[in-house]
Amino acid sequence: MIIGRNISKMFRIPGEKRNTLFEAVMAFVKGRRRYDEFWALKNVSFDVKEGEIFGITGPNGSGKTTLLEIIADIIYQDEGELIVNGRITSILALGVGFNPELTARENVFLYGALMGVKRGRMEDKYSTIFEFAELKRFENMKLKNFSSGMNARLAFSTAIATEPNILLLDEVLAVGDIEFQRKCMDEIKNVNKNGTTIVFVSHSVEAVRSLCERAMFLDNGEVIAIGDADEVVNTYLNSVAE
Amino acid sequence: MFSYLKQVDLIRTLTASEFKLRYRGSLLGVGWSLLSPFLLAIVLYFVFKNVFRFEVENFAFYLLIGIFVFRFLSIGTSVGMMSIISKAHIVTKTSIPREIPTITTTLSYFFSSFIELLILIPILVFFGVRIGIPILLLPVLQIVYFLLVYGLNLFLSAFTVYYRDLNQVWEVVVNILFFASPLVYPISIIPANILPIYMLNPITRSIEMYRSVMLYNAFPNVIDFGYVLIFSSIVFILGHLVFGRLQSRFAEVI
């Protein structure tokens, strides 16, 4: 269960780029400490209920990923309150922490550790992961020799096997061939049936419509519509048509 | 502040893979990390023995121990300060505590350094150095030293996220420390009037303690130990406080 109340997030856009100590000292000497404020999220409130698939949609730059990053505890909101019940696994990018110099096998355990899963638990899951990814033959190959599709398959299979209470997905389904995409969709529905709450971010209205029960439409950091997925998607499509 | 230390599984897995990666694909493995300090020691030995003519008993080993001990600080911090920015993907895509990359890098150098020191022991014995009970304190010294290096790394890695050129500045500091600590010369050459200031440097006292257990078969000076322990603990705690303050915007700035 996730509850967000009046969440706002401000990013500082520096007036001039200041990435080094030297530049900082120079700017300080000149007496300039300017930055512009950019509110990526404004007063966003929502509820994600236990066990549902919740979609977040909207055009590029609407704040979808920012919101997901706040839920995932990667960045922090400036205002508002967020309550999260349960262990979150986020798939904001596939293959986070994967190291090209390590073998597929080693990477699976590394990923498991990053997701907070005990080693013994990963060992139980090990064969399921490789079966699902269809990569059993390559388990001792170094990841740098994997194709990007193989890499993505391994990453998705590992992430989904960590059995989170809450799964955050960010546009990750644009990986692999059509068949694997379909398999991913089925697997997402499957883990959802087993009780995992899913927050799914995408600007593909088709994916949101087919996967989600409820959804939220963000534009310019504000909630335009929230509720039944079909209605929200229609609102989004109408706003684009105007 | 220290709750991330409970994630033993994660820290162990990441440290092990970092350690493995450092030595994978190299013929000599750990041997490489021994070769360079040995070569450095040989060069310094000829320079300081023949040019400056220091009269120190076992000068070659005196040098070696100093260099080996200093390496943990110099290499450990120069790599450790990059631990956050070099693992940007972990910071921007996962919610694991931000201290984790820094502690795993520091730990992997902690073990490298400890192994290097252990390898030195049979060499010392072979050349007739008497090693006794005091050597059992070696792990204790190493752990106290770890607190210092890790505390520094927390400061450095957090500030490096905001100021990418900090490593240039730090490199100079490390070079100053190299000569401000008794690595290549005996403390006896330090004039008495600046000795009190000289002894404020915890590295000096730390190196002296390593030498006493490894070279002189003696227990370290209690005052030295107390000073280094307190100094390291303060750096360790301050490092956590500063890191905690700075880490909230890591994912945005990095």
# chains A, B, ... in the order shown; residues from 1 in each chain; ligands from 1

$ interface_residues --of "chain B" --to "chain A" --cutoff "7 Å" --atoms "only C-alpha atoms" --output "PDB file with all heavy atoms, in the first residue's frame"
ATOM      1  N   ASP B   9      24.737  -9.115   4.514  1.00  0.00           N
ATOM      2  CA  ASP B   9      24.725  -9.900   3.274  1.00  0.00           C
ATOM      3  C   ASP B   9      25.147  -9.060   2.080  1.00  0.00           C
ATOM      4  O   ASP B   9      25.984  -9.461   1.276  1.00  0.00           O
ATOM      5  CB  ASP B   9      23.305 -10.426   3.024  1.00  0.00           C
ATOM      6  CG  ASP B   9      23.243 -11.924   3.179  1.00  0.00           C
ATOM      7  OD1 ASP B   9      23.993 -12.440   4.034  1.00  0.00           O
ATOM      8  OD2 ASP B   9      22.456 -12.562   2.455  1.00  0.00           O
ATOM      9  N   LEU B  10      24.542  -7.895   1.995  1.00  0.00           N
ATOM     10  CA  LEU B  10      24.801  -6.992   0.872  1.00  0.00           C
ATOM     11  C   LEU B  10      26.249  -6.519   0.888  1.00  0.00           C
ATOM     12  O   LEU B  10      26.944  -6.556  -0.133  1.00  0.00           O
ATOM     13  CB  LEU B  10      23.839  -5.802   0.968  1.00  0.00           C
ATOM     14  CG  LEU B  10      24.003  -4.692  -0.064  1.00  0.00           C
ATOM     15  CD1 LEU B  10      23.853  -5.231  -1.468  1.00  0.00           C
ATOM     16  CD2 LEU B  10      22.968  -3.602   0.179  1.00  0.00           C
ATOM     17  N   THR B  13      28.576  -9.434  -0.088  1.00  0.00           N
ATOM     18  CA  THR B  13      28.533  -9.778  -1.515  1.00  0.00           C
ATOM     19  C   THR B  13      29.242  -8.730  -2.366  1.00  0.00           C
ATOM     20  O   THR B  13      30.015  -9.060  -3.261  1.00  0.00           O
ATOM     21  CB  THR B  13      27.073  -9.910  -1.985  1.00  0.00           C
ATOM     22  OG1 THR B  13      26.384 -10.751  -1.074  1.00  0.00           O
ATOM     23  CG2 THR B  13      26.988 -10.491  -3.372  1.00  0.00           C
ATOM     24  N   LEU B  14      28.967  -7.460  -2.082  1.00  0.00           N
ATOM     25  CA  LEU B  14      29.560  -6.394  -2.891  1.00  0.00           C
ATOM     26  C   LEU B  14      31.072  -6.302  -2.681  1.00  0.00           C
ATOM     27  O   LEU B  14      31.828  -6.104  -3.628  1.00  0.00           O
ATOM     28  CB  LEU B  14      28.911  -5.049  -2.570  1.00  0.00           C
ATOM     29  CG  LEU B  14      27.478  -4.857  -3.051  1.00  0.00           C
ATOM     30  CD1 LEU B  14      26.941  -3.508  -2.618  1.00  0.00           C
ATOM     31  CD2 LEU B  14      27.395  -4.968  -4.559  1.00  0.00           C
ATOM     32  N   HIS B  89      25.041   4.503 -11.146  1.00  0.00           N
ATOM     33  CA  HIS B  89      23.821   3.768 -11.473  1.00  0.00           C
ATOM     34  C   HIS B  89      23.174   3.168 -10.233  1.00  0.00           C
ATOM     35  O   HIS B  89      21.960   3.059 -10.159  1.00  0.00           O
ATOM     36  CB  HIS B  89      24.122   2.667 -12.496  1.00  0.00           C
ATOM     37  CG  HIS B  89      25.206   1.737 -12.053  1.00  0.00           C
ATOM     38  ND1 HIS B  89      26.543   2.099 -12.055  1.00  0.00           N
ATOM     39  CD2 HIS B  89      25.165   0.490 -11.567  1.00  0.00           C
ATOM     40  CE1 HIS B  89      27.257   1.082 -11.599  1.00  0.00           C
ATOM     41  NE2 HIS B  89      26.452   0.096 -11.302  1.00  0.00           N
ATOM     42  N   ILE B  90      23.981   2.808  -9.245  1.00  0.00           N
ATOM     43  CA  ILE B  90      23.410   2.261  -8.015  1.00  0.00           C
ATOM     44  C   ILE B  90      22.705   3.361  -7.231  1.00  0.00           C
ATOM     45  O   ILE B  90      21.644   3.147  -6.648  1.00  0.00           O
ATOM     46  CB  ILE B  90      24.517   1.578  -7.174  1.00  0.00           C
ATOM     47  CG1 ILE B  90      24.910   0.272  -7.851  1.00  0.00           C
ATOM     48  CG2 ILE B  90      24.042   1.321  -5.754  1.00  0.00           C
ATOM     49  CD1 ILE B  90      25.907  -0.527  -7.084  1.00  0.00           C
ATOM     50  N   THR B  92      21.394   6.192  -8.538  1.00  0.00           N
ATOM     51  CA  THR B  92      20.217   6.759  -9.198  1.00  0.00           C
ATOM     52  C   THR B  92      19.121   5.737  -9.462  1.00  0.00           C
ATOM     53  O   THR B  92      18.013   6.115  -9.796  1.00  0.00           O
ATOM     54  CB  THR B  92      20.597   7.396 -10.553  1.00  0.00           C
ATOM     55  OG1 THR B  92      21.281   6.417 -11.327  1.00  0.00           O
ATOM     56  CG2 THR B  92      21.493   8.591 -10.369  1.00  0.00           C
ATOM     57  N   LYS B  93      19.426   4.460  -9.321  1.00  0.00           N
ATOM     58  CA  LYS B  93      18.414   3.472  -9.675  1.00  0.00           C
ATOM     59  C   LYS B  93      18.024   2.518  -8.553  1.00  0.00           C
ATOM     60  O   LYS B  93      17.133   1.702  -8.734  1.00  0.00           O
ATOM     61  CB  LYS B  93      18.890   2.624 -10.874  1.00  0.00           C
ATOM     62  CG  LYS B  93      19.192   3.433 -12.118  1.00  0.00           C
ATOM     63  CD  LYS B  93      17.949   4.078 -12.717  1.00  0.00           C
ATOM     64  CE  LYS B  93      18.320   4.906 -13.934  1.00  0.00           C
ATOM     65  NZ  LYS B  93      17.237   5.811 -14.345  1.00  0.00           N
ATOM     66  N   THR B  94      18.706   2.553  -7.438  1.00  0.00           N
ATOM     67  CA  THR B  94      18.284   1.706  -6.328  1.00  0.00           C
ATOM     68  C   THR B  94      18.232   2.530  -5.053  1.00  0.00           C
ATOM     69  O   THR B  94      18.743   3.649  -5.009  1.00  0.00           O
ATOM     70  CB  THR B  94      19.238   0.527  -6.063  1.00  0.00           C
ATOM     71  OG1 THR B  94      20.418   1.048  -5.451  1.00  0.00           O
ATOM     72  CG2 THR B  94      19.615  -0.211  -7.326  1.00  0.00           C
ATOM     73  N   SER B  95      17.620   1.971  -4.045  1.00  0.00           N
ATOM     74  CA  SER B  95      17.483   2.723  -2.800  1.00  0.00           C
ATOM     75  C   SER B  95      18.395   2.184  -1.711  1.00  0.00           C
ATOM     76  O   SER B  95      18.184   2.452  -0.545  1.00  0.00           O
ATOM     77  CB  SER B  95      16.034   2.671  -2.338  1.00  0.00           C
ATOM     78  OG  SER B  95      15.681   1.331  -2.069  1.00  0.00           O
ATOM     79  N   ILE B  96      19.413   1.412  -2.082  1.00  0.00           N
ATOM     80  CA  ILE B  96      20.289   0.898  -1.027  1.00  0.00           C
ATOM     81  C   ILE B  96      20.974   2.081  -0.345  1.00  0.00           C
ATOM     82  O   ILE B  96      21.202   3.109  -0.974  1.00  0.00           O
ATOM     83  CB  ILE B  96      21.347  -0.106  -1.548  1.00  0.00           C
ATOM     84  CG1 ILE B  96      22.319   0.566  -2.508  1.00  0.00           C
ATOM     85  CG2 ILE B  96      20.706  -1.310  -2.184  1.00  0.00           C
ATOM     86  CD1 ILE B  96      23.557  -0.262  -2.745  1.00  0.00           C
ATOM     87  N   TYR B 162      29.577  16.524  -5.349  1.00  0.00           N
ATOM     88  CA  TYR B 162      29.285  17.925  -5.646  1.00  0.00           C
ATOM     89  C   TYR B 162      30.450  18.618  -6.344  1.00  0.00           C
ATOM     90  O   TYR B 162      30.260  19.508  -7.149  1.00  0.00           O
ATOM     91  CB  TYR B 162      28.930  18.666  -4.354  1.00  0.00           C
ATOM     92  CG  TYR B 162      27.664  18.147  -3.721  1.00  0.00           C
ATOM     93  CD1 TYR B 162      27.702  17.110  -2.784  1.00  0.00           C
ATOM     94  CD2 TYR B 162      26.432  18.651  -4.093  1.00  0.00           C
ATOM     95  CE1 TYR B 162      26.540  16.612  -2.228  1.00  0.00           C
ATOM     96  CE2 TYR B 162      25.263  18.162  -3.541  1.00  0.00           C
ATOM     97  CZ  TYR B 162      25.323  17.141  -2.607  1.00  0.00           C
ATOM     98  OH  TYR B 162      24.173  16.651  -2.069  1.00  0.00           O
ATOM     99  N   TYR B 163      31.659  18.230  -5.984  1.00  0.00           N
ATOM    100  CA  TYR B 163      32.848  18.878  -6.555  1.00  0.00           C
ATOM    101  C   TYR B 163      33.766  17.826  -7.161  1.00  0.00           C
ATOM    102  O   TYR B 163      34.518  17.148  -6.448  1.00  0.00           O
ATOM    103  CB  TYR B 163      33.581  19.691  -5.488  1.00  0.00           C
ATOM    104  CG  TYR B 163      32.690  20.696  -4.811  1.00  0.00           C
ATOM    105  CD1 TYR B 163      32.356  20.560  -3.466  1.00  0.00           C
ATOM    106  CD2 TYR B 163      32.142  21.751  -5.535  1.00  0.00           C
ATOM    107  CE1 TYR B 163      31.506  21.471  -2.859  1.00  0.00           C
ATOM    108  CE2 TYR B 163      31.294  22.659  -4.940  1.00  0.00           C
ATOM    109  CZ  TYR B 163      30.983  22.521  -3.600  1.00  0.00           C
ATOM    110  OH  TYR B 163      30.127  23.412  -3.002  1.00  0.00           O
ATOM    111  N   ARG B 164      33.707  17.708  -8.469  1.00  0.00           N
ATOM    112  CA  ARG B 164      34.403  16.613  -9.132  1.00  0.00           C
ATOM    113  C   ARG B 164      35.926  16.733  -9.109  1.00  0.00           C
ATOM    114  O   ARG B 164      36.622  15.763  -9.356  1.00  0.00           O
ATOM    115  CB  ARG B 164      33.943  16.502 -10.596  1.00  0.00           C
ATOM    116  CG  ARG B 164      32.471  16.186 -10.754  1.00  0.00           C
ATOM    117  CD  ARG B 164      32.151  14.869 -10.114  1.00  0.00           C
ATOM    118  NE  ARG B 164      30.719  14.623 -10.067  1.00  0.00           N
ATOM    119  CZ  ARG B 164      30.080  13.846 -10.911  1.00  0.00           C
ATOM    120  NH1 ARG B 164      30.728  13.241 -11.863  1.00  0.00           N
ATOM    121  NH2 ARG B 164      28.788  13.648 -10.775  1.00  0.00           N
ATOM    122  N   ASP B 165      36.434  17.935  -8.856  1.00  0.00           N
ATOM    123  CA  ASP B 165      37.892  18.081  -8.907  1.00  0.00           C
ATOM    124  C   ASP B 165      38.528  17.935  -7.525  1.00  0.00           C
ATOM    125  O   ASP B 165      39.706  18.220  -7.349  1.00  0.00           O
ATOM    126  CB  ASP B 165      38.291  19.410  -9.538  1.00  0.00           C
ATOM    127  CG  ASP B 165      37.682  20.598  -8.815  1.00  0.00           C
ATOM    128  OD1 ASP B 165      36.794  20.379  -7.980  1.00  0.00           O
ATOM    129  OD2 ASP B 165      38.083  21.734  -9.098  1.00  0.00           O
ATOM    130  N   LEU B 166      37.747  17.484  -6.561  1.00  0.00           N
ATOM    131  CA  LEU B 166      38.294  17.334  -5.212  1.00  0.00           C
ATOM    132  C   LEU B 166      39.494  16.394  -5.199  1.00  0.00           C
ATOM    133  O   LEU B 166      40.419  16.552  -4.393  1.00  0.00           O
ATOM    134  CB  LEU B 166      37.199  16.819  -4.273  1.00  0.00           C
ATOM    135  CG  LEU B 166      37.545  16.747  -2.792  1.00  0.00           C
ATOM    136  CD1 LEU B 166      37.806  18.143  -2.250  1.00  0.00           C
ATOM    137  CD2 LEU B 166      36.425  16.098  -2.000  1.00  0.00           C
ATOM    138  N   SER B 248      21.216  13.350   0.712  1.00  0.00           N
ATOM    139  CA  SER B 248      19.824  13.398   0.261  1.00  0.00           C
ATOM    140  C   SER B 248      19.684  13.848  -1.194  1.00  0.00           C
ATOM    141  O   SER B 248      18.740  13.500  -1.871  1.00  0.00           O
ATOM    142  CB  SER B 248      19.003  14.296   1.180  1.00  0.00           C
ATOM    143  OG  SER B 248      19.505  15.609   1.128  1.00  0.00           O
ATOM    144  N   ARG B 249      20.645  14.621  -1.694  1.00  0.00           N
ATOM    145  CA  ARG B 249      20.526  15.076  -3.082  1.00  0.00           C
ATOM    146  C   ARG B 249      21.480  14.358  -4.046  1.00  0.00           C
ATOM    147  O   ARG B 249      21.626  14.762  -5.205  1.00  0.00           O
ATOM    148  CB  ARG B 249      20.743  16.585  -3.178  1.00  0.00           C
ATOM    149  CG  ARG B 249      19.497  17.374  -2.777  1.00  0.00           C
ATOM    150  CD  ARG B 249      19.618  18.853  -3.057  1.00  0.00           C
ATOM    151  NE  ARG B 249      18.464  19.559  -2.516  1.00  0.00           N
ATOM    152  CZ  ARG B 249      17.348  19.829  -3.220  1.00  0.00           C
ATOM    153  NH1 ARG B 249      17.258  19.442  -4.462  1.00  0.00           N
ATOM    154  NH2 ARG B 249      16.347  20.468  -2.672  1.00  0.00           N
ATOM    155  N   ALA B 251      21.241  11.608  -5.749  1.00  0.00           N
ATOM    156  CA  ALA B 251      20.667  11.092  -6.990  1.00  0.00           C
ATOM    157  C   ALA B 251      20.330  12.208  -7.974  1.00  0.00           C
ATOM    158  O   ALA B 251      20.248  11.985  -9.171  1.00  0.00           O
ATOM    159  CB  ALA B 251      19.415  10.271  -6.678  1.00  0.00           C
TER     160      ALA B 251
END

$ residues_around --residues "stretch 35-43 of chain B" --least-positions-apart "3" --cutoff "7 Å" --atoms "only C-alpha atoms" --output "list in words"
Gly31, Trp32, Phe46, Val47, Leu63, Leu64, Ile67 and Phe68 of chain B

$ write_last_selection --atoms "N, CA and C atoms" --output "PDB file, in the first residue's frame"
ATOM      1  N   GLY B  31      49.907 -10.597  -6.281  1.00  0.00           N
ATOM      2  CA  GLY B  31      51.323 -10.303  -6.479  1.00  0.00           C
ATOM      3  C   GLY B  31      51.580  -8.907  -7.018  1.00  0.00           C
ATOM      4  N   TRP B  32      50.700  -8.445  -7.922  1.00  0.00           N
ATOM      5  CA  TRP B  32      50.892  -7.098  -8.490  1.00  0.00           C
ATOM      6  C   TRP B  32      50.858  -6.035  -7.424  1.00  0.00           C
ATOM      7  N   PHE B  46      67.727   3.095  -1.679  1.00  0.00           N
ATOM      8  CA  PHE B  46      69.006   3.572  -2.198  1.00  0.00           C
ATOM      9  C   PHE B  46      69.156   5.073  -2.038  1.00  0.00           C
ATOM     10  N   VAL B  47      68.050   5.771  -2.277  1.00  0.00           N
ATOM     11  CA  VAL B  47      68.120   7.232  -2.146  1.00  0.00           C
ATOM     12  C   VAL B  47      68.443   7.637  -0.713  1.00  0.00           C
ATOM     13  N   LEU B  63      61.425   0.997   6.071  1.00  0.00           N
ATOM     14  CA  LEU B  63      60.790   1.609   4.902  1.00  0.00           C
ATOM     15  C   LEU B  63      59.576   0.820   4.424  1.00  0.00           C
ATOM     16  N   LEU B  64      59.795  -0.486   4.250  1.00  0.00           N
ATOM     17  CA  LEU B  64      58.741  -1.334   3.704  1.00  0.00           C
ATOM     18  C   LEU B  64      57.464  -1.257   4.526  1.00  0.00           C
ATOM     19  N   ILE B  67      55.741   2.072   4.051  1.00  0.00           N
ATOM     20  CA  ILE B  67      55.080   2.194   2.743  1.00  0.00           C
ATOM     21  C   ILE B  67      53.826   1.332   2.675  1.00  0.00           C
ATOM     22  N   PHE B  68      53.919   0.112   3.182  1.00  0.00           N
ATOM     23  CA  PHE B  68      52.755  -0.777   3.159  1.00  0.00           C
ATOM     24  C   PHE B  68      51.608  -0.196   3.971  1.00  0.00           C
TER      25      PHE B  68
END

$ residues_around --residues "B:Arg211" --least-positions-apart "6" --cutoff "8 Å" --atoms "only C-alpha atoms" --output "mmCIF file with N, CA and C atoms, in the first residue's frame"
data_model
loop_
_atom_site.group_PDB
_atom_site.id
_atom_site.type_symbol
_atom_site.label_atom_id
_atom_site.label_comp_id
_atom_site.auth_asym_id
_atom_site.auth_seq_id
_atom_site.Cartn_x
_atom_site.Cartn_y
_atom_site.Cartn_z
ATOM 1 N N TYR B 62 62.161 -1.047 7.789
ATOM 2 C CA TYR B 62 61.567 0.165 8.338
ATOM 3 C C TYR B 62 60.769 0.873 7.233
ATOM 4 N N ILE B 65 57.612 -1.362 5.841
ATOM 5 C CA ILE B 65 56.418 -1.341 6.695
ATOM 6 C C ILE B 65 55.715 0.006 6.568
ATOM 7 N N GLY B 66 56.511 1.087 6.574
ATOM 8 C CA GLY B 66 55.919 2.415 6.419
ATOM 9 C C GLY B 66 55.131 2.540 5.128
#

$ select_by_dssp --residues "stretch 49-206 of chain A" --states "helix (DSSP H, G or I)" --output "ChimeraX atom specification"
/A:64-71,104-114,119-133,136-138,143-145,148-161,178-193,205-206

$ residues_around --residues "B:Leu241" --least-positions-apart "6" --cutoff "12 Å" --atoms "only C-alpha atoms" --output "PDB file with all heavy atoms, in the first residue's frame"
ATOM      1  N   MET B   1      21.816   6.291  11.849  1.00  0.00           N
ATOM      2  CA  MET B   1      23.086   6.650  11.214  1.00  0.00           C
ATOM      3  C   MET B   1      23.901   5.413  10.840  1.00  0.00           C
ATOM      4  O   MET B   1      24.537   5.372   9.805  1.00  0.00           O
ATOM      5  CB  MET B   1      23.867   7.546  12.181  1.00  0.00           C
ATOM      6  CG  MET B   1      25.141   8.106  11.583  1.00  0.00           C
ATOM      7  SD  MET B   1      25.755   9.573  12.452  1.00  0.00           S
ATOM      8  CE  MET B   1      26.385   8.884  13.966  1.00  0.00           C
ATOM      9  N   PHE B   2      23.861   4.408  11.718  1.00  0.00           N
ATOM     10  CA  PHE B   2      24.652   3.208  11.423  1.00  0.00           C
ATOM     11  C   PHE B   2      23.789   2.027  11.006  1.00  0.00           C
ATOM     12  O   PHE B   2      24.279   0.906  10.927  1.00  0.00           O
ATOM     13  CB  PHE B   2      25.495   2.816  12.643  1.00  0.00           C
ATOM     14  CG  PHE B   2      26.458   3.890  13.058  1.00  0.00           C
ATOM     15  CD1 PHE B   2      26.289   4.572  14.249  1.00  0.00           C
ATOM     16  CD2 PHE B   2      27.546   4.215  12.249  1.00  0.00           C
ATOM     17  CE1 PHE B   2      27.175   5.571  14.618  1.00  0.00           C
ATOM     18  CE2 PHE B   2      28.428   5.214  12.606  1.00  0.00           C
ATOM     19  CZ  PHE B   2      28.244   5.889  13.797  1.00  0.00           C
ATOM     20  N   GLU B  99      25.792   4.744   1.917  1.00  0.00           N
ATOM     21  CA  GLU B  99      27.099   4.438   2.507  1.00  0.00           C
ATOM     22  C   GLU B  99      27.669   3.137   1.958  1.00  0.00           C
ATOM     23  O   GLU B  99      28.874   2.901   2.057  1.00  0.00           O
ATOM     24  CB  GLU B  99      27.000   4.309   4.042  1.00  0.00           C
ATOM     25  CG  GLU B  99      26.752   5.608   4.782  1.00  0.00           C
ATOM     26  CD  GLU B  99      25.266   5.887   4.972  1.00  0.00           C
ATOM     27  OE1 GLU B  99      24.446   5.201   4.337  1.00  0.00           O
ATOM     28  OE2 GLU B  99      24.924   6.798   5.737  1.00  0.00           O
ATOM     29  N   GLY B 151      36.240   6.802   7.580  1.00  0.00           N
ATOM     30  CA  GLY B 151      35.697   8.122   7.926  1.00  0.00           C
ATOM     31  C   GLY B 151      36.092   9.155   6.886  1.00  0.00           C
ATOM     32  O   GLY B 151      35.262   9.948   6.424  1.00  0.00           O
ATOM     33  N   LEU B 152      37.363   9.141   6.493  1.00  0.00           N
ATOM     34  CA  LEU B 152      37.837  10.067   5.456  1.00  0.00           C
ATOM     35  C   LEU B 152      37.096   9.834   4.148  1.00  0.00           C
ATOM     36  O   LEU B 152      36.683  10.779   3.475  1.00  0.00           O
ATOM     37  CB  LEU B 152      39.343   9.876   5.225  1.00  0.00           C
ATOM     38  CG  LEU B 152      40.288  10.449   6.278  1.00  0.00           C
ATOM     39  CD1 LEU B 152      41.726  10.009   5.988  1.00  0.00           C
ATOM     40  CD2 LEU B 152      40.211  11.971   6.282  1.00  0.00           C
ATOM     41  N   LEU B 154      34.124   8.718   3.695  1.00  0.00           N
ATOM     42  CA  LEU B 154      32.753   9.231   3.749  1.00  0.00           C
ATOM     43  C   LEU B 154      32.734  10.725   3.422  1.00  0.00           C
ATOM     44  O   LEU B 154      31.924  11.192   2.623  1.00  0.00           O
ATOM     45  CB  LEU B 154      32.142   8.976   5.128  1.00  0.00           C
ATOM     46  CG  LEU B 154      31.730   7.535   5.424  1.00  0.00           C
ATOM     47  CD1 LEU B 154      31.301   7.401   6.869  1.00  0.00           C
ATOM     48  CD2 LEU B 154      30.596   7.093   4.521  1.00  0.00           C
ATOM     49  N   PHE B 155      33.648  11.482   4.034  1.00  0.00           N
ATOM     50  CA  PHE B 155      33.781  12.908   3.706  1.00  0.00           C
ATOM     51  C   PHE B 155      34.035  13.089   2.210  1.00  0.00           C
ATOM     52  O   PHE B 155      33.338  13.810   1.518  1.00  0.00           O
ATOM     53  CB  PHE B 155      35.037  13.502   4.387  1.00  0.00           C
ATOM     54  CG  PHE B 155      34.822  13.982   5.772  1.00  0.00           C
ATOM     55  CD1 PHE B 155      35.361  13.289   6.840  1.00  0.00           C
ATOM     56  CD2 PHE B 155      34.123  15.162   6.014  1.00  0.00           C
ATOM     57  CE1 PHE B 155      35.200  13.740   8.136  1.00  0.00           C
ATOM     58  CE2 PHE B 155      33.969  15.620   7.311  1.00  0.00           C
ATOM     59  CZ  PHE B 155      34.501  14.902   8.376  1.00  0.00           C
ATOM     60  N   ALA B 158      31.393  11.897  -0.452  1.00  0.00           N
ATOM     61  CA  ALA B 158      30.201  12.749  -0.472  1.00  0.00           C
ATOM     62  C   ALA B 158      30.497  14.090  -1.134  1.00  0.00           C
ATOM     63  O   ALA B 158      29.727  14.574  -1.959  1.00  0.00           O
ATOM     64  CB  ALA B 158      29.677  12.958   0.946  1.00  0.00           C
ATOM     65  N   ILE B 234      36.628   9.858  15.980  1.00  0.00           N
ATOM     66  CA  ILE B 234      36.025  11.165  15.705  1.00  0.00           C
ATOM     67  C   ILE B 234      35.837  11.352  14.201  1.00  0.00           C
ATOM     68  O   ILE B 234      34.762  11.759  13.741  1.00  0.00           O
ATOM     69  CB  ILE B 234      36.891  12.302  16.298  1.00  0.00           C
ATOM     70  CG1 ILE B 234      36.823  12.253  17.827  1.00  0.00           C
ATOM     71  CG2 ILE B 234      36.418  13.670  15.800  1.00  0.00           C
ATOM     72  CD1 ILE B 234      37.764  13.194  18.538  1.00  0.00           C
ATOM     73  N   VAL B 235      36.859  11.001  13.424  1.00  0.00           N
ATOM     74  CA  VAL B 235      36.750  11.121  11.965  1.00  0.00           C
ATOM     75  C   VAL B 235      35.621  10.222  11.458  1.00  0.00           C
ATOM     76  O   VAL B 235      34.819  10.607  10.606  1.00  0.00           O
ATOM     77  CB  VAL B 235      38.083  10.756  11.277  1.00  0.00           C
ATOM     78  CG1 VAL B 235      37.917  10.671   9.766  1.00  0.00           C
ATOM     79  CG2 VAL B 235      39.150  11.780  11.618  1.00  0.00           C
ATOM     80  N   GLN B 247      23.862  13.359   1.600  1.00  0.00           N
ATOM     81  CA  GLN B 247      23.445  12.284   0.708  1.00  0.00           C
ATOM     82  C   GLN B 247      22.049  12.465   0.132  1.00  0.00           C
ATOM     83  O   GLN B 247      21.722  11.863  -0.886  1.00  0.00           O
ATOM     84  CB  GLN B 247      23.555  10.933   1.424  1.00  0.00           C
ATOM     85  CG  GLN B 247      22.700  10.761   2.650  1.00  0.00           C
ATOM     86  CD  GLN B 247      21.447   9.994   2.372  1.00  0.00           C
ATOM     87  OE1 GLN B 247      21.393   9.212   1.443  1.00  0.00           O
ATOM     88  NE2 GLN B 247      20.424  10.213   3.181  1.00  0.00           N
TER      89      GLN B 247
END

$ select_by_dssp --residues "stretch 188-234 of chain A" --states "strand (DSSP E)" --output "PyMOL selection string"
chain A and resi 197-201+214-219+222-228

$ closest_residue --among "A:Leu68, A:Val84, A:Val25, A:Ile53" --to "A:Met185" --atoms "only C-alpha atoms"
A:Ile53

$ residues_around --residues "stretch 200-207 of chain A" --least-positions-apart "3" --cutoff "10 Å" --atoms "only C-alpha atoms" --output "VMD selection string"
chain A and resid 53 to 60 64 to 65 67 to 68 91 to 92 167 to 173 185 197 210 to 212 215 to 217 229 to 230 232 to 234 236 to 237

$ residues_around --residues "B:Tyr150" --least-positions-apart "4" --cutoff "9 Å" --atoms "only C-alpha atoms" --output "VMD selection string"
chain B and resid 76 to 77 80 102 to 103 106 to 107 145 to 146 154 to 155 235 to 236 239

$ residues_around --residues "A:Lys136" --least-positions-apart "4" --cutoff "10 Å" --atoms "only C-alpha atoms" --output "NGL selection string"
:A and (104-105 or 127-132 or 140)

$ closest_residue --among "B:Ile176, B:Met82, B:Leu73, B:Ile254" --to "B:Leu148" --atoms "only C-alpha atoms"
B:Leu73

$ atom_distance --atom1 "atom CA of A:Asn220" --atom2 "atom CA of B:Glu252"
18.5 Å

$ closest_residue --among "B:Met81, B:Leu138, B:Ala60, B:Leu44" --to "B:Phe159" --atoms "only C-alpha atoms"
B:Met81

$ atom_distance --atom1 "atom CA of A:Val240" --atom2 "atom CA of A:Ser62"
13.4 Å
